[in-house]
Each structure stands twice: as C-alpha cells, then as structure tokens.
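Structure file structure.pdb (PDB, C-alpha atoms) follows.
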```
ATOM      1  CA  MET B   1     -26.525 -22.842  54.241
ATOM      2  CA  SER B   2     -23.886 -20.505  52.812
ATOM      3  CA  ILE B   3     -23.536 -16.749  52.385
ATOM      4  CA  TYR B   4     -21.242 -15.050  49.879
ATOM      5  CA  ILE B   5     -20.730 -11.327  49.462
ATOM      6  CA  THR B   6     -19.296  -9.137  46.698
ATOM      7  CA  GLY B   7     -19.051  -5.501  45.637
ATOM      8  CA  ASP B   8     -20.620  -3.369  42.912
ATOM      9  CA  THR B   9     -21.861  -5.110  39.770
ATOM     10  CA  HIS B  10     -23.123  -2.039  37.837
ATOM     11  CA  GLY B  11     -25.658  -3.980  35.830
ATOM     12  CA  ALA B  12     -25.778  -7.312  34.073
ATOM     13  CA  LYS B  13     -22.873  -7.104  31.647
ATOM     14  CA  ARG B  14     -19.440  -5.581  31.348
ATOM     15  CA  PHE B  15     -19.661  -1.882  30.576
ATOM     16  CA  GLY B  16     -17.033   0.674  29.648
ATOM     17  CA  PHE B  17     -13.615   0.311  31.218
ATOM     18  CA  TYR B  18     -14.744  -1.697  34.249
ATOM     19  CA  SER B  19     -13.810  -5.139  32.964
ATOM     20  CA  VAL B  20     -14.800  -6.762  36.261
ATOM     21  CA  ASP B  21     -18.333  -5.391  36.193
ATOM     22  CA  GLY B  22     -21.557  -7.205  35.427
ATOM     23  CA  PHE B  23     -23.430  -9.797  37.450
ATOM     24  CA  MET B  24     -23.623 -12.121  34.452
ATOM     25  CA  PRO B  25     -19.847 -12.544  34.027
ATOM     26  CA  ARG B  26     -19.281 -12.437  37.782
ATOM     27  CA  PHE B  27     -21.888 -15.051  38.631
ATOM     28  CA  ASN B  28     -21.405 -17.491  35.759
ATOM     29  CA  THR B  29     -20.240 -20.957  36.745
ATOM     30  CA  ASP B  30     -16.657 -20.370  35.552
ATOM     31  CA  SER B  31     -16.178 -17.299  37.746
ATOM     32  CA  PHE B  32     -18.258 -18.593  40.644
ATOM     33  CA  PRO B  33     -18.105 -22.412  40.616
ATOM     34  CA  GLU B  34     -19.220 -22.607  44.268
ATOM     35  CA  GLN B  35     -22.796 -22.147  43.081
ATOM     36  CA  LYS B  36     -22.853 -25.741  41.831
ATOM     37  CA  GLU B  37     -23.368 -26.785  45.449
ATOM     38  CA  MET B  38     -25.845 -24.012  46.304
ATOM     39  CA  THR B  39     -29.640 -23.829  46.570
ATOM     40  CA  LYS B  40     -32.144 -21.007  46.983
ATOM     41  CA  GLU B  41     -31.505 -21.315  50.738
ATOM     42  CA  ASP B  42     -27.999 -19.967  50.080
ATOM     43  CA  PHE B  43     -27.297 -16.278  49.493
ATOM     44  CA  VAL B  44     -25.114 -13.943  47.456
ATOM     45  CA  ILE B  45     -25.124 -10.335  48.700
ATOM     46  CA  ILE B  46     -24.124  -7.334  46.569
ATOM     47  CA  CYS B  47     -22.853  -4.266  48.450
ATOM     48  CA  GLY B  48     -24.690  -1.689  46.348
ATOM     49  CA  ASP B  49     -24.632  -0.437  42.759
ATOM     50  CA  PHE B  50     -26.484  -3.548  41.672
ATOM     51  CA  GLY B  51     -27.534  -1.683  38.522
ATOM     52  CA  GLY B  52     -29.760  -4.444  37.193
ATOM     53  CA  VAL B  53     -32.771  -2.106  37.286
ATOM     54  CA  TRP B  54     -31.783   0.863  35.159
ATOM     55  CA  SER B  55     -33.802   1.377  31.971
ATOM     56  CA  PHE B  56     -35.995   4.467  31.917
ATOM     57  CA  GLY B  57     -39.740   3.830  32.124
ATOM     58  CA  GLY B  58     -39.754   0.090  32.801
ATOM     59  CA  GLU B  59     -38.129  -3.230  32.042
ATOM     60  CA  THR B  60     -36.875  -3.603  28.515
ATOM     61  CA  LYS B  61     -36.837  -7.067  27.000
ATOM     62  CA  GLU B  62     -33.076  -7.215  27.476
ATOM     63  CA  GLU B  63     -33.279  -6.139  31.101
ATOM     64  CA  ALA B  64     -36.028  -8.673  31.795
ATOM     65  CA  HIS B  65     -33.891 -11.382  30.180
ATOM     66  CA  ASN B  66     -30.925 -10.436  32.364
ATOM     67  CA  LEU B  67     -32.953 -10.388  35.578
ATOM     68  CA  ASN B  68     -34.536 -13.713  34.672
ATOM     69  CA  TRP B  69     -31.032 -15.115  34.133
ATOM     70  CA  LEU B  70     -30.162 -14.089  37.681
ATOM     71  CA  GLU B  71     -33.434 -15.459  39.015
ATOM     72  CA  ASN B  72     -32.596 -18.815  37.467
ATOM     73  CA  LYS B  73     -29.309 -19.116  39.345
ATOM     74  CA  PRO B  74     -29.409 -21.710  42.142
ATOM     75  CA  PHE B  75     -28.885 -19.106  44.914
ATOM     76  CA  THR B  76     -30.888 -16.145  46.231
ATOM     77  CA  THR B  77     -29.462 -12.718  45.346
ATOM     78  CA  LEU B  78     -29.694  -9.870  47.866
ATOM     79  CA  PHE B  79     -28.466  -6.316  47.413
ATOM     80  CA  VAL B  80     -28.432  -2.999  49.202
ATOM     81  CA  PRO B  81     -28.996  -0.046  46.877
ATOM     82  CA  GLY B  82     -26.015   2.082  45.919
ATOM     83  CA  ASN B  83     -25.729   5.517  44.387
ATOM     84  CA  HIS B  84     -25.957   4.251  40.806
ATOM     85  CA  GLU B  85     -29.468   2.800  40.931
ATOM     86  CA  ASN B  86     -32.731   3.810  39.265
ATOM     87  CA  TYR B  87     -34.636   4.687  42.423
ATOM     88  CA  ASP B  88     -37.679   5.827  40.458
ATOM     89  CA  ARG B  89     -38.159   2.246  39.378
ATOM     90  CA  LEU B  90     -36.951   0.539  42.531
ATOM     91  CA  THR B  91     -39.053   2.435  45.057
ATOM     92  CA  GLY B  92     -41.419   4.610  43.009
ATOM     93  CA  ILE B  93     -41.745   8.300  42.214
ATOM     94  CA  SER B  94     -42.922  10.537  45.037
ATOM     95  CA  ASP B  95     -42.951  13.734  42.950
ATOM     96  CA  GLU B  96     -46.092  13.416  40.845
ATOM     97  CA  SER B  97     -45.218  16.559  38.881
ATOM     98  CA  ARG B  98     -42.399  14.638  37.183
ATOM     99  CA  LEU B  99     -44.877  12.093  35.858
ATOM    100  CA  ASN B 100     -46.934  14.914  34.356
ATOM    101  CA  SER B 101     -43.932  16.530  32.688
ATOM    102  CA  TRP B 102     -42.823  16.390  29.056
ATOM    103  CA  LEU B 103     -40.020  14.038  30.087
ATOM    104  CA  TYR B 104     -42.281  11.065  30.741
ATOM    105  CA  GLY B 105     -44.740  11.834  27.991
ATOM    106  CA  ARG B 106     -42.078  12.201  25.291
ATOM    107  CA  TYR B 107     -39.622   9.542  26.394
ATOM    108  CA  LEU B 108     -42.156   6.815  27.031
ATOM    109  CA  LYS B 109     -43.591   7.267  23.559
ATOM    110  CA  LYS B 110     -40.135   6.480  22.193
ATOM    111  CA  GLN B 111     -39.684   3.295  24.230
ATOM    112  CA  THR B 112     -40.168   0.456  21.749
ATOM    113  CA  ASP B 113     -38.318  -2.240  23.699
ATOM    114  CA  LEU B 114     -40.282  -2.184  26.955
ATOM    115  CA  LYS B 115     -41.556  -5.536  28.143
ATOM    116  CA  SER B 116     -44.877  -3.817  28.871
ATOM    117  CA  MET B 117     -45.884  -0.157  28.790
ATOM    118  CA  PRO B 118     -46.536   1.057  32.365
ATOM    119  CA  ASP B 119     -49.558   3.201  33.137
ATOM    120  CA  LEU B 120     -48.450   6.647  34.296
ATOM    121  CA  LYS B 121     -51.795   7.389  35.946
ATOM    122  CA  ASP B 122     -52.239   4.141  37.920
ATOM    123  CA  PRO B 123     -51.587   4.952  41.616
ATOM    124  CA  SER B 124     -51.052   1.250  42.296
ATOM    125  CA  GLY B 125     -48.734   0.850  39.316
ATOM    126  CA  PRO B 126     -44.943   0.673  39.170
ATOM    127  CA  PHE B 127     -44.344   4.397  38.688
ATOM    128  CA  TYR B 128     -45.908   5.228  42.033
ATOM    129  CA  ARG B 129     -45.028   2.087  44.017
ATOM    130  CA  GLY B 130     -41.834   0.743  42.496
ATOM    131  CA  TYR B 131     -41.206  -2.977  42.729
ATOM    132  CA  PRO B 132     -43.542  -4.908  45.081
ATOM    133  CA  GLN B 133     -42.613  -4.713  48.742
ATOM    134  CA  LYS B 134     -42.963  -7.690  51.069
ATOM    135  CA  GLN B 135     -41.761  -8.823  54.490
ATOM    136  CA  TRP B 136     -38.766 -11.120  54.439
ATOM    137  CA  HIS B 137     -36.607 -12.453  57.275
ATOM    138  CA  GLY B 138     -37.259  -9.566  59.640
ATOM    139  CA  GLY B 139     -37.759  -6.578  57.374
ATOM    140  CA  PRO B 140     -39.256  -5.303  54.116
ATOM    141  CA  VAL B 141     -37.619  -6.025  50.772
ATOM    142  CA  ARG B 142     -38.291  -5.025  47.184
ATOM    143  CA  GLU B 143     -38.983  -8.109  45.110
ATOM    144  CA  ILE B 144     -37.250  -7.637  41.765
ATOM    145  CA  ARG B 145     -37.739 -11.330  41.192
ATOM    146  CA  PRO B 146     -38.815 -13.999  43.720
ATOM    147  CA  SER B 147     -35.170 -14.646  44.592
ATOM    148  CA  VAL B 148     -33.649 -11.269  43.630
ATOM    149  CA  LEU B 149     -34.376  -8.938  46.532
ATOM    150  CA  MET B 150     -33.385  -5.406  47.526
ATOM    151  CA  LEU B 151     -32.782  -4.954  51.260
ATOM    152  CA  GLU B 152     -34.399  -1.765  52.517
ATOM    153  CA  ARG B 153     -32.450   0.800  54.516
ATOM    154  CA  GLY B 154     -32.133   0.541  58.254
ATOM    155  CA  TYR B 155     -33.439  -2.972  58.876
ATOM    156  CA  VAL B 156     -31.846  -5.977  60.554
ATOM    157  CA  TYR B 157     -32.431  -9.175  58.595
ATOM    158  CA  ASP B 158     -31.942 -12.782  59.607
ATOM    159  CA  ILE B 159     -29.809 -14.124  56.765
ATOM    160  CA  GLY B 160     -28.705 -17.691  57.241
ATOM    161  CA  GLY B 161     -28.994 -17.362  60.991
ATOM    162  CA  TYR B 162     -26.903 -14.170  61.126
ATOM    163  CA  ARG B 163     -28.226 -10.760  62.127
ATOM    164  CA  CYS B 164     -27.369  -8.471  59.215
ATOM    165  CA  PHE B 165     -27.914  -4.723  59.296
ATOM    166  CA  ALA B 166     -28.464  -3.260  55.808
ATOM    167  CA  PHE B 167     -28.124   0.398  54.895
ATOM    168  CA  GLY B 168     -27.584   1.238  51.242
ATOM    169  CA  GLY B 169     -26.765   4.558  49.626
ATOM    170  CA  ALA B 170     -23.819   6.863  49.006
ATOM    171  CA  ASN B 171     -22.885  10.167  47.432
ATOM    172  CA  SER B 172     -21.948   9.942  43.750
ATOM    173  CA  HIS B 173     -18.373  10.991  43.060
ATOM    174  CA  ASP B 174     -18.810  11.337  39.294
ATOM    175  CA  ILE B 175     -20.916  14.526  39.358
ATOM    176  CA  ARG B 176     -18.141  17.065  39.905
ATOM    177  CA  ASP B 177     -19.759  19.603  37.562
ATOM    178  CA  GLY B 178     -23.325  19.124  38.682
ATOM    179  CA  ILE B 179     -26.664  17.530  37.894
ATOM    180  CA  LEU B 180     -28.602  18.372  34.736
ATOM    181  CA  ASP B 181     -32.355  18.295  35.367
ATOM    182  CA  PRO B 182     -34.458  17.877  32.202
ATOM    183  CA  LEU B 183     -37.354  19.611  33.925
ATOM    184  CA  ASP B 184     -35.356  22.825  34.128
ATOM    185  CA  PHE B 185     -36.079  23.067  30.388
ATOM    186  CA  ASN B 186     -39.427  23.618  28.726
ATOM    187  CA  THR B 187     -38.867  21.209  25.875
ATOM    188  CA  GLU B 188     -36.853  18.150  24.957
ATOM    189  CA  LYS B 189     -35.048  20.198  22.318
ATOM    190  CA  GLU B 190     -33.796  22.708  24.901
ATOM    191  CA  PHE B 191     -32.674  19.909  27.217
ATOM    192  CA  LYS B 192     -30.782  18.104  24.460
ATOM    193  CA  ALA B 193     -29.003  21.331  23.492
ATOM    194  CA  ALA B 194     -27.829  21.823  27.077
ATOM    195  CA  TYR B 195     -26.795  18.172  27.330
ATOM    196  CA  LYS B 196     -24.670  18.435  24.182
ATOM    197  CA  LYS B 197     -23.130  21.676  25.447
ATOM    198  CA  TRP B 198     -22.117  20.133  28.780
ATOM    199  CA  ASN B 199     -20.688  17.116  26.968
ATOM    200  CA  LYS B 200     -18.721  19.309  24.579
ATOM    201  CA  GLU B 201     -17.300  21.250  27.522
ATOM    202  CA  GLY B 202     -16.080  17.993  29.039
ATOM    203  CA  LYS B 203     -18.166  18.337  32.173
ATOM    204  CA  GLN B 204     -18.554  15.424  34.573
ATOM    205  CA  PHE B 205     -22.265  15.231  35.262
ATOM    206  CA  ARG B 206     -25.344  13.055  35.391
ATOM    207  CA  VAL B 207     -28.997  13.627  34.515
ATOM    208  CA  LYS B 208     -31.725  13.674  37.137
ATOM    209  CA  GLY B 209     -34.287  10.942  36.555
ATOM    210  CA  LEU B 210     -32.221   9.326  33.810
ATOM    211  CA  SER B 211     -28.812   8.565  35.335
ATOM    212  CA  TRP B 212     -28.960  10.157  38.800
ATOM    213  CA  TRP B 213     -31.507  10.141  41.618
ATOM    214  CA  GLN B 214     -31.438  12.235  44.777
ATOM    215  CA  GLN B 215     -32.524   9.189  46.824
ATOM    216  CA  GLU B 216     -28.950   7.911  46.485
ATOM    217  CA  VAL B 217     -28.229   9.550  49.854
ATOM    218  CA  PRO B 218     -30.455   8.379  52.715
ATOM    219  CA  SER B 219     -32.822  10.940  54.171
ATOM    220  CA  GLN B 220     -32.584  12.169  57.754
ATOM    221  CA  GLN B 221     -35.707  10.138  58.485
ATOM    222  CA  GLU B 222     -34.019   6.964  57.200
ATOM    223  CA  MET B 223     -30.892   7.660  59.243
ATOM    224  CA  ASP B 224     -32.918   8.328  62.395
ATOM    225  CA  PHE B 225     -34.863   5.120  61.839
ATOM    226  CA  ALA B 226     -31.643   3.126  61.396
ATOM    227  CA  LEU B 227     -30.263   4.319  64.729
ATOM    228  CA  LYS B 228     -33.522   3.589  66.541
ATOM    229  CA  ASN B 229     -33.846   0.153  64.971
ATOM    230  CA  LEU B 230     -30.289  -0.764  65.881
ATOM    231  CA  GLU B 231     -31.029   0.339  69.444
ATOM    232  CA  LEU B 232     -34.070  -1.955  69.479
ATOM    233  CA  HIS B 233     -31.695  -4.796  68.560
ATOM    234  CA  GLY B 234     -29.420  -3.945  71.447
ATOM    235  CA  ASN B 235     -26.904  -2.247  69.119
ATOM    236  CA  LYS B 236     -25.493  -5.679  68.389
ATOM    237  CA  VAL B 237     -25.466  -7.497  65.018
ATOM    238  CA  ASP B 238     -23.265 -10.030  63.267
ATOM    239  CA  TYR B 239     -22.694  -8.247  59.954
ATOM    240  CA  ILE B 240     -23.166  -4.723  58.647
ATOM    241  CA  ILE B 241     -23.719  -4.406  54.903
ATOM    242  CA  THR B 242     -23.588  -0.978  53.276
ATOM    243  CA  HIS B 243     -22.589   0.636  49.997
ATOM    244  CA  ASP B 244     -20.426   3.421  51.409
ATOM    245  CA  GLY B 245     -18.084   2.836  54.320
ATOM    246  CA  PRO B 246     -17.676   4.476  57.725
ATOM    247  CA  ALA B 247     -15.384   7.495  57.846
ATOM    248  CA  SER B 248     -12.600   5.852  59.857
ATOM    249  CA  ALA B 249     -12.382   2.956  57.400
ATOM    250  CA  LYS B 250     -12.238   5.318  54.429
ATOM    251  CA  ILE B 251      -9.524   7.404  56.063
ATOM    252  CA  SER B 252      -7.519   4.266  56.836
ATOM    253  CA  LEU B 253      -7.774   3.222  53.194
ATOM    254  CA  GLY B 254      -6.812   6.683  51.931
ATOM    255  CA  TYR B 255     -10.207   7.989  50.798
ATOM    256  CA  GLU B 256     -12.017  11.233  51.536
ATOM    257  CA  THR B 257     -15.029  11.300  53.828
ATOM    258  CA  ASP B 258     -18.343  13.129  53.646
ATOM    259  CA  ALA B 259     -21.380  13.721  55.832
ATOM    260  CA  PHE B 260     -22.869  10.319  55.059
ATOM    261  CA  SER B 261     -19.709   8.327  55.795
ATOM    262  CA  ARG B 262     -19.446  10.271  59.034
ATOM    263  CA  PHE B 263     -22.973   9.148  59.893
ATOM    264  CA  LEU B 264     -21.889   5.560  59.218
ATOM    265  CA  GLU B 265     -18.970   6.212  61.559
ATOM    266  CA  GLU B 266     -21.511   7.048  64.246
ATOM    267  CA  ILE B 267     -22.988   3.596  63.722
ATOM    268  CA  ARG B 268     -19.524   2.031  63.846
ATOM    269  CA  GLN B 269     -18.873   3.592  67.230
ATOM    270  CA  GLN B 270     -22.245   2.661  68.722
ATOM    271  CA  VAL B 271     -22.830  -0.853  67.403
ATOM    272  CA  SER B 272     -21.109  -4.129  68.224
ATOM    273  CA  TYR B 273     -20.527  -6.212  65.082
ATOM    274  CA  GLU B 274     -18.311  -9.007  63.808
ATOM    275  CA  GLU B 275     -17.563  -7.642  60.328
ATOM    276  CA  TRP B 276     -18.618  -4.731  58.088
ATOM    277  CA  PHE B 277     -18.683  -5.047  54.299
ATOM    278  CA  PHE B 278     -19.029  -2.164  51.836
ATOM    279  CA  GLY B 279     -18.389  -1.341  48.171
ATOM    280  CA  HIS B 280     -18.542   1.957  46.252
ATOM    281  CA  LEU B 281     -14.765   2.567  46.016
ATOM    282  CA  HIS B 282     -13.920  -0.078  43.383
ATOM    283  CA  ASP B 283     -11.211  -1.955  45.244
ATOM    284  CA  ASN B 284     -10.695  -5.031  47.413
ATOM    285  CA  ARG B 285      -9.024  -4.142  50.702
ATOM    286  CA  ALA B 286      -9.270  -4.850  54.402
ATOM    287  CA  VAL B 287      -8.857  -2.125  57.010
ATOM    288  CA  GLU B 288      -5.619  -2.913  58.831
ATOM    289  CA  GLY B 289      -6.367  -3.930  62.387
ATOM    290  CA  GLY B 290     -10.093  -3.450  61.823
ATOM    291  CA  LYS B 291     -13.220  -5.418  61.033
ATOM    292  CA  GLU B 292     -14.178  -3.514  57.860
ATOM    293  CA  PHE B 293     -13.779  -4.850  54.333
ATOM    294  CA  LEU B 294     -14.004  -2.969  51.048
ATOM    295  CA  LEU B 295     -15.144  -5.230  48.203
ATOM    296  CA  TYR B 296     -15.356  -4.904  44.457
ATOM    297  CA  GLU B 297     -15.142  -7.912  42.154
ATOM    298  CA  GLN B 298     -14.068 -10.422  44.792
ATOM    299  CA  ILE B 299     -16.659 -12.866  46.030
ATOM    300  CA  ILE B 300     -15.924 -14.074  49.544
ATOM    301  CA  ARG B 301     -17.754 -16.466  51.845
ATOM    302  CA  ILE B 302     -18.867 -15.078  55.181
ATOM    303  CA  GLY B 303     -21.176 -17.783  56.479
TER     304      GLY B 303
END
```
Represent the structure from my file as structure tokens, please.
Amino acid sequence: MSIYITGDTHGAKRFGFYSVDGFMPRFNTDSFPEQKEMTKEDFVIICGDFGGVWSFGGETKEEAHNLNWLENKPFTTLFVPGNHENYDRLTGISDESRLNSWLYGRYLKKQTDLKSMPDLKDPSGPFYRGYPQKQWHGGPVREIRPSVLMLERGYVYDIGGYRCFAFGGANSHDIRDGILDPLDFNTEKEFKAAYKKWNKEGKQFRVKGLSWWQQEVPSQQEMDFALKNLELHGNKVDYIITHDGPASAKISLGYETDAFSRFLEEIRQQVSYEEWFFGHLHDNRAVEGGKEFLLYEQIIRIG
C-alpha cells in the first residue's frame, strides 16, 4: 500500500506556459516510474485544480479519452477540487434558471464533439446531479471513473490506513478585473461583444459558467460542517489535504492571505495533524519549521 501526492494538474495535457501541467505527462511511466509497482490499492492524490472535467455541457470525446487513460493507470487517483474546476459538471447546477437560459440552449446546440448529449430537463441527469456520488472509505466521493474520485469537502477519509481530512477550494487570483456573466446579456451576440471588448482592454477575467464557478470558495455551511466533523474525529487526523493553504503557511512562504486561508488557519490551530499538503500557488516549498507543504509538479510519497 502506497500513497503519493502532487499539486495542480490543470487538465490532461500541457497548456499555455505551464510546462509542468497535465496529468498525462505527469503520470506517464517516464515521469512517474514508481507506478510500475502499484495497484488500484495504491493512491495518487492531487491537491486541487485537477481540471480533467472542464468541457462545457458534458464530456467531449477527447475528454473521455483522457479520463479513460487515467482510469487505466494501475493506481487509484483522488483529488480535492480547486478553484479552476467545472463545478457545474462535477456537482451539478443548483440554479435551474441557468439551464433555461439562452446560454445552454445555444451552446449545447453547437457541441458536436460531446460523447453523448445530456438531457437538460432530466432531474436525475448530469446537469442537476453532477457525477454520481457514492460512499467511499468514510465519506462521499464523486465518481468520475471507478478509480478517479473527487473527495468531497469536510470529510475524513481512511486512505491506506491514514486519516485524511479533505477540504478543496480557493479564491481565484486571475480575476483581477472581474467576472463576466453571460446571463447579464440578453443574447449571445451581446455577450460576445462584451467579451471581445474586455479582451481588447487587456482585462484579467473569467466567465461564469464557462471558466469560473462561484462554488470555488466553500460555503459557510461547508465550513461549519468541516469544523463539526473534525470535532467528531477528536480534532486529530494524520494528513490534511487542501487546495489553498492556511494563512500562517502562506505568510511564511511570502504569499497574501484572504478570508478562506484564514479559515484554514483556524483549522490549523484547532486540529492535531502530522502533515498538511496544499497546492494553488504553483511552487514546491516546505514551511520552515512547520508541517505544511506546498506542492506543484513534484510527486512525493507520504505513505
């Protein structure tokens, strides 16, 4: 039984200027030869920004191929969600008005590479429910594939005999100039005009429902549940796995804090743990004198 952990993958393949991104190059046998001795009883954990579920509307053929590639690896992949995830597809859409908007009607008609066309009106379908949820090793998970699982927020899982607290999410730091919501516009034409204008002005922004989702930051209910669940476990775990890091760790590493990292700091001060692993900041560093580790492309063994 072995457990490895790494940072953000941002999808299946290298994208843009992040040459270390992509779970396919990171988890091939050249980059990760340890897998030759692994089985599905061994685990690789991604500290958020998995990014393998991203396409609007449903799995494209390419996305399905990539996820199947990961499923066929000898290990089981686990991830906590980050800020760059398609939450509409991972966990479902709670705002039914969005499904009835021009955005879904127009954009889905244009999707020619979907593996299968989802039914917008099916309350038991993927738009409402997201990926199937099941119980696994002490808590619920989203089953992307039988051995590619998203760990839900606030639960303590038994992973390889270790008690692991999982709490994904973070604030995006690439939205300095705001969020563009297509539903603020009456038509696709109006939205596209605004999108081009923001691009031309050099604004740093993302688009709600297409490249940004408000669920990136945990709700107060999720944070309250996390604290109560940790208390039920005696405020003692082996590992803490998050996307963002606690405020003290970020300060030590020279990063700014926010309300969410300060909430994670509350957990740090209340909970006894052996080590804490997080991603989000695109670096590989250990907090000096601490038990917190920032990970990006490195893959390290923890159990």
* Could you give me, as number ranges by chain, the residues within 12 Å of B:Gly105, counting all atoms listed in the file and dropping anything in the same chain fewer than 2 positions from it? => B: 57, 97-103, 107-111, 118-121, 187-188
* To do: Return as a ChimeraX atom specification the set of residues that the PyMOL selection byres ((chain B and resi 172) around 12) yields on the displayed structure.
  => /B:49,82-85,169-171,173-179,204-206,211-217,243-244,258,260,280-281
* Kindly give the distance, in Å, that separates atom CA of B:Asn66 and atom CA of B:Gly52, rounded to a single decimal. => 7.8 Å
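By chain and then residue number, the residues within 7 Å of B:Cys164 are Val156, Tyr157, Asp158, Ile159, Val237, Asp238, Tyr239, Ile240 and Ile241 of chain B, counting all atoms listed in the file and disregarding those fewer than 4 positions away in sequence.
With distances taken over all atoms listed in the file, B:Glu34 is the one residue among B:Glu256, B:Glu34, B:Glu62, B:Asp21 lying closest to B:Arg301.
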* **Separation of atom CA of B:Ser147 from atom CA of B:Ala226 in Å** => 24.7 Å
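Distances to B:Phe293 were evaluated for B:Leu78, B:Leu253, B:Ala166, B:Leu151 using all atoms listed in the file, and the minimum falls at B:Leu253.
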Neighbouring residues of B:Leu67 were defined as those with any atom within 9 Å, considering all atoms listed in the file; residues of the same chain fewer than 4 positions away were excluded. Please report them as a PDB file with C-alpha atoms, in the coordinates of the input.
```pdb
ATOM      1  CA  ALA B  12     -25.778  -7.312  34.073  1.00  0.00           C
ATOM      2  CA  GLY B  52     -29.760  -4.444  37.193  1.00  0.00           C
ATOM      3  CA  VAL B  53     -32.771  -2.106  37.286  1.00  0.00           C
ATOM      4  CA  GLU B  62     -33.076  -7.215  27.476  1.00  0.00           C
ATOM      5  CA  GLU B  63     -33.279  -6.139  31.101  1.00  0.00           C
ATOM      6  CA  GLU B  71     -33.434 -15.459  39.015  1.00  0.00           C
ATOM      7  CA  ASN B  72     -32.596 -18.815  37.467  1.00  0.00           C
ATOM      8  CA  ILE B 144     -37.250  -7.637  41.765  1.00  0.00           C
ATOM      9  CA  ARG B 145     -37.739 -11.330  41.192  1.00  0.00           C
ATOM     10  CA  VAL B 148     -33.649 -11.269  43.630  1.00  0.00           C
TER      11      VAL B 148
END
```
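Residue membership of the PyMOL selection byres ((chain B and resi 60) around 10) in the shown file amounts to Val53, Trp54, Ser55, Phe56, Gly57, Gly58, Glu59, Lys61, Glu62, Glu63, Ala64, His65, Asn66, Gln111, Thr112, Asp113, Leu114, Lys115, Ser116 and Met117 of chain B.
Compared by their closest atoms to B:Leu294, and using only C-alpha atoms, the residues B:Tyr255, B:Tyr273, B:Tyr87, B:Phe50 rank with B:Tyr255 nearest.
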* Structure fact -> What separates atom CA of B:Tyr131 and atom CA of B:Ile45 is a distance of 18.7 Å
* To do: Step by step, work through what the PyMOL selection byres ((chain B and resi 153) around 7) selects in the shown file, and finish by giving those residues as a count of residues only.
  => 8
Padding 6 Å on every side, please: axis-aligned box over the listed atoms of stretch 79-83 of chain B, centre and edge lengths to one decimal in Å, as lines of an AutoDock Vina configuration file.
```
center_x = -27.4
center_y = -0.4
center_z = 46.8
size_x = 15.3
size_y = 23.8
size_z = 16.8
```
* To do: Name the residues, using the chain letters and numbers of the file, that sit within 6 Å of (-21.1, -7.5, 52.7) when counting all atoms listed in the file, and give them as number ranges by chain.
  => B: 5, 47, 241, 277-278
* Between B:Thr257, B:Thr39, B:Asn235, B:Thr6, which one has atoms that come closest to B:Phe27, using all atoms listed in the file? -> B:Thr6
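Nearest-residue note for B:Gly7: choosing from B:Trp136, B:Tyr128, B:Tyr296, B:Trp69, the minimum distance belongs to B:Tyr296, counting all atoms listed in the file.
The smallest atom-to-atom distance between B:His233 and any of B:Arg142, B:Arg163, B:Lys40, B:His10, using all atoms listed in the file, is found for B:Arg163.
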